[in-house]
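Q: My structure is below; once you've seen it, I'll send some questions.
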Amino acid sequence: MLIIGLTGGIGTGKSTVSKILRDAGFPIVDADVVAREVVEPGTHTLENIKLTFGPDVIKNGMLDRHKLGDIVFSNKAELTRLNAIMQPVINSAMTDKIAFWRSQKVPVLIIDVPLLFERGYENNDYIDKVVVVTTNSQTQIDRLKARDNLDDTKAKNRINSQMPLADKIARADYVLDNNGDYAFLEKQIKNLMTELKEIAPRYGTK
């Protein structure tokens, strides 16, 4: 099974790429979905976050992501504390999902991980190739402000909490440029899908 790590910067359009790949029939393990699953009401992870950051980050029994984001994206020490809670649980859940798809003998699996490089996923044995989705910094800011109703400072704090896009591009096997229109992005993705299908048989014995 060929395992592709899909990443990018916040607001680059990675979710759009992931949806196109999913619609084309590629199975996806989405780290953001996993991150939501592990903090569902009643989980030990949610209780640990509550004990660490206080009851204000819980609203109606659920994690208030905006409240927690305001705390951790403006303070690196707090972000480190959150990552120490979340990452072991997320890693374990993702490993289980990858094992499931391997048992299904699918030729290509997409691992959608926003912080792939920041968390060292590219060093894991199961990631074979990395795809980075990129765009310019102003587009990132504009998309993030519109999507999450943030001001400039909060949008930039979230972007600056991640590795610079230039560094991710330098470490990528494939780069998708999302500075153009949808058709421009879709054409690149179609070319990528063709190549992945071509090289997948080489990984059939892994």
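Ligands are numbered from 1 in the order shown, chains are lettered A, B, ... in the order of the structure tokens, and residues start at 1 in each chain.
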Contacts of Leu144 in chain A at 12 Å or less, counting only C-alpha atoms, minus same-chain residues fewer than 2 places along, as an MDAnalysis selection string?
A: chainID A and resid 9:13 137:142 146:159
Q: From a DSSP pass on the backbone, collect the residues of range 16-155 of chain A flagged as strand (DSSP E or B) and hand them back as a list in words.
A: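 Strand (DSSP E or B) assignments inside range 16-155 of chain A correspond to Ile28, Val29, Asp30, Ile58, Lys59, Met62, Leu63, Val108, Leu109, Ile110, Ile111, Asp112, Lys129, Val130, Val131, Val132, Val133 and Thr134 of chain A.
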Q: Could you check the closest approach to Leu196 in chain A for each of A:Leu21, A:Leu165, A:Ala31, A:Ala84 and tell me which residue wins, using only C-alpha atoms?
A: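 The closest residue to Leu196 in chain A is A:Leu21.
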Q: Identify which of the residues A:Val133, A:Ile4, A:Val57, A:Ile111 lies closest to Leu185 in chain A, counting only C-alpha atoms when measuring atom-to-atom distances.
A: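 Checking each of A:Val133, A:Ile4, A:Val57, A:Ile111 against Leu185 in chain A, counting only C-alpha atoms, the winner is A:Val133.
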Q: Given only C-alpha atoms as the basis, pick out the residue of A:Phe53, A:Arg119, A:Ala183, A:Phe26 nearest to Gln162 in chain A.
A: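 Residue with the minimum atom-to-atom distance to Gln162 in chain A: A:Arg119.
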Q: List as a PyMOL selection string the protein and nucleic acid residues near Ile127 in chain A, meaning an atom at most 8 Å away when only C-alpha atoms are counted, but skip any in the same chain fewer than 6 places from it.
A: chain A and resi 3-5+121
Q: Write the residues of the selection above to a file with N, CA, C and O atoms, as a short mmCIF file (atom, residue, chain, number, x, y, z; two decimals), in the first residue's frame.
A:
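Once written, part_7.cif looks like this:
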```
data_model
loop_
_atom_site.label_atom_id
_atom_site.label_comp_id
_atom_site.auth_asym_id
_atom_site.auth_seq_id
_atom_site.Cartn_x
_atom_site.Cartn_y
_atom_site.Cartn_z
N ILE A 3 1.38 4.97 0.82
CA ILE A 3 0.79 5.91 1.77
C ILE A 3 1.33 7.31 1.51
O ILE A 3 2.53 7.55 1.55
N ILE A 4 0.40 8.22 1.22
CA ILE A 4 0.74 9.59 0.88
C ILE A 4 0.38 10.52 2.04
O ILE A 4 -0.76 10.52 2.50
N GLY A 5 1.34 11.29 2.49
CA GLY A 5 1.07 12.31 3.50
C GLY A 5 0.68 13.60 2.81
O GLY A 5 1.45 14.15 2.02
N TYR A 121 5.76 13.34 11.21
CA TYR A 121 5.15 12.20 10.55
C TYR A 121 5.95 11.71 9.34
O TYR A 121 5.91 10.54 9.00
#
```
Q: Let me make sure I understand: among A:Lys187, A:Trp101, A:Gly61, A:Val108, which one has the smallest atom-to-atom distance to Glu47 in chain A if we use only C-alpha atoms?
A: A:Gly61
Q: Check the smallest atom-to-atom distance from each of A:Met86, A:Asn60, A:Leu2, A:Pro114 to Asn48 in chain A using only C-alpha atoms, then report the winner.
A: A:Met86
Q: Within 12 Å of Val33 in chain A, counting only C-alpha atoms, which residues qualify if same-chain residues fewer than 5 places away don't, as a PDB file with N, CA, C and O atoms, in the first residue's frame?
A:
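out-v9.pdb written:
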```pdb
ATOM      1  N   SER A  15      -7.941  21.115   2.468  1.00  0.00           N
ATOM      2  CA  SER A  15      -9.214  20.405   2.602  1.00  0.00           C
ATOM      3  C   SER A  15      -9.901  20.236   1.248  1.00  0.00           C
ATOM      4  O   SER A  15     -10.550  19.214   0.992  1.00  0.00           O
ATOM      5  N   ILE A  28      -9.202   8.194   2.733  1.00  0.00           N
ATOM      6  CA  ILE A  28      -8.528   9.274   3.449  1.00  0.00           C
ATOM      7  C   ILE A  28      -8.553   9.000   4.949  1.00  0.00           C
ATOM      8  O   ILE A  28      -9.601   8.652   5.500  1.00  0.00           O
ATOM      9  N   VAL A  38     -11.212  12.185  19.295  1.00  0.00           N
ATOM     10  CA  VAL A  38     -10.566  11.851  20.571  1.00  0.00           C
ATOM     11  C   VAL A  38     -10.922  12.815  21.702  1.00  0.00           C
ATOM     12  O   VAL A  38     -10.559  12.566  22.864  1.00  0.00           O
ATOM     13  N   VAL A  39     -11.625  13.920  21.376  1.00  0.00           N
ATOM     14  CA  VAL A  39     -12.059  14.846  22.433  1.00  0.00           C
ATOM     15  C   VAL A  39     -13.588  14.928  22.508  1.00  0.00           C
ATOM     16  O   VAL A  39     -14.151  15.913  22.979  1.00  0.00           O
ATOM     17  N   GLU A  40     -14.252  13.896  22.052  1.00  0.00           N
ATOM     18  CA  GLU A  40     -15.700  13.860  22.162  1.00  0.00           C
ATOM     19  C   GLU A  40     -16.109  13.804  23.633  1.00  0.00           C
ATOM     20  O   GLU A  40     -15.322  13.373  24.491  1.00  0.00           O
ATOM     21  N   ILE A  90      -3.896  10.955  19.310  1.00  0.00           N
ATOM     22  CA  ILE A  90      -4.131  11.044  17.865  1.00  0.00           C
ATOM     23  C   ILE A  90      -3.287  10.019  17.124  1.00  0.00           C
ATOM     24  O   ILE A  90      -3.778   9.315  16.222  1.00  0.00           O
ATOM     25  N   ALA A  93      -4.762   6.532  17.424  1.00  0.00           N
ATOM     26  CA  ALA A  93      -5.984   6.363  16.635  1.00  0.00           C
ATOM     27  C   ALA A  93      -5.679   6.285  15.150  1.00  0.00           C
ATOM     28  O   ALA A  93      -6.282   5.484  14.416  1.00  0.00           O
ATOM     29  N   MET A  94      -4.735   7.093  14.683  1.00  0.00           N
ATOM     30  CA  MET A  94      -4.381   7.068  13.265  1.00  0.00           C
ATOM     31  C   MET A  94      -3.709   5.760  12.882  1.00  0.00           C
ATOM     32  O   MET A  94      -3.945   5.220  11.796  1.00  0.00           O
ATOM     33  N   LYS A  97      -6.376   3.279  12.234  1.00  0.00           N
ATOM     34  CA  LYS A  97      -7.086   3.494  10.976  1.00  0.00           C
ATOM     35  C   LYS A  97      -6.231   3.050   9.779  1.00  0.00           C
ATOM     36  O   LYS A  97      -6.749   2.488   8.805  1.00  0.00           O
ATOM     37  N   ILE A 111      -3.041  10.194   3.853  1.00  0.00           N
ATOM     38  CA  ILE A 111      -3.040  10.611   5.252  1.00  0.00           C
ATOM     39  C   ILE A 111      -3.043  12.135   5.271  1.00  0.00           C
ATOM     40  O   ILE A 111      -2.050  12.780   4.941  1.00  0.00           O
ATOM     41  N   ASP A 112      -4.165  12.729   5.632  1.00  0.00           N
ATOM     42  CA  ASP A 112      -4.346  14.181   5.637  1.00  0.00           C
ATOM     43  C   ASP A 112      -3.932  14.719   7.007  1.00  0.00           C
ATOM     44  O   ASP A 112      -4.656  14.555   7.993  1.00  0.00           O
ATOM     45  N   VAL A 113      -2.750  15.348   7.056  1.00  0.00           N
ATOM     46  CA  VAL A 113      -2.190  15.806   8.334  1.00  0.00           C
ATOM     47  C   VAL A 113      -1.721  17.256   8.211  1.00  0.00           C
ATOM     48  O   VAL A 113      -0.680  17.525   7.612  1.00  0.00           O
ATOM     49  N   PRO A 114      -2.465  18.217   8.773  1.00  0.00           N
ATOM     50  CA  PRO A 114      -2.056  19.622   8.664  1.00  0.00           C
ATOM     51  C   PRO A 114      -0.643  19.887   9.182  1.00  0.00           C
ATOM     52  O   PRO A 114       0.102  20.670   8.607  1.00  0.00           O
TER      53      PRO A 114
END
```
Q: With only C-alpha atoms as the counted atoms, please give the residues lying no more than 12 Å from Ala24 in chain A, apart from itself and same-chain residues fewer than 3 positions off, as a PyMOL selection string.
A: chain A and resi 17-21+27-28+108+110+186+189-190+192-194+197
Q: Need the shell around Val131 in chain A: protein/DNA/RNA residues with any atom at most 6 Å away, counting only C-alpha atoms. Skip same-chain ones fewer than 3 positions apart. Format as a list of chain:residue names?
A: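 Counting only the stated atoms, we get A:Leu6, A:Ala172, A:Tyr174, A:Val175.
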Q: Okay, now the selection with N, CA, C and O atoms, as a short mmCIF file (atom, residue, chain, number, x, y, z; two decimals), in the first residue's frame?
A:
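Writing done, so here's again25.cif:
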```cif
data_model
loop_
_atom_site.label_atom_id
_atom_site.label_comp_id
_atom_site.auth_asym_id
_atom_site.auth_seq_id
_atom_site.Cartn_x
_atom_site.Cartn_y
_atom_site.Cartn_z
N LEU A 6 -0.53 14.08 3.06
CA LEU A 6 -1.04 15.32 2.46
C LEU A 6 -1.01 16.42 3.52
O LEU A 6 -1.59 16.27 4.60
N ALA A 172 8.98 18.49 0.29
CA ALA A 172 7.88 17.77 -0.35
C ALA A 172 8.35 16.93 -1.53
O ALA A 172 9.34 17.25 -2.19
N TYR A 174 5.81 16.20 -3.82
CA TYR A 174 4.93 16.83 -4.79
C TYR A 174 4.38 18.13 -4.18
O TYR A 174 4.11 18.19 -2.99
N VAL A 175 4.23 19.15 -5.03
CA VAL A 175 3.69 20.43 -4.58
C VAL A 175 2.49 20.79 -5.45
O VAL A 175 2.56 20.74 -6.68
#
```
Q: Using DSSP assignments from the backbone, pull out every residue in range 26-162 of chain A that falls under helix (DSSP H, G or I) and give it to me as JSON, numbers by chain.
A: {"A": [31, 32, 33, 34, 35, 36, 37, 44, 45, 46, 47, 48, 49, 50, 51, 52, 53, 55, 56, 57, 65, 66, 67, 68, 69, 70, 71, 72, 76, 77, 78, 79, 80, 81, 82, 83, 84, 85, 86, 87, 88, 89, 90, 91, 92, 93, 94, 95, 96, 97, 98, 99, 100, 101, 102, 103, 121, 122, 123, 137, 138, 139, 140, 141, 142, 143, 144, 145, 146, 147, 148, 152, 153, 154, 155, 156, 157, 158, 159, 160]}
Q: Kindly give the distance, in Å, that separates CA of Ala99 in chain A and CA of Val29 in chain A, rounded to a single decimal.
A: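 Rounded to one decimal, the two atoms are 10.9 Å apart.
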Q: Counting only C-alpha atoms, figure out which residue out of A:Thr95, A:Val132, A:Thr16, A:Asn83 gets nearest to Leu176 in chain A.
A: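 Smallest separation from Leu176 in chain A among the options: A:Val132.
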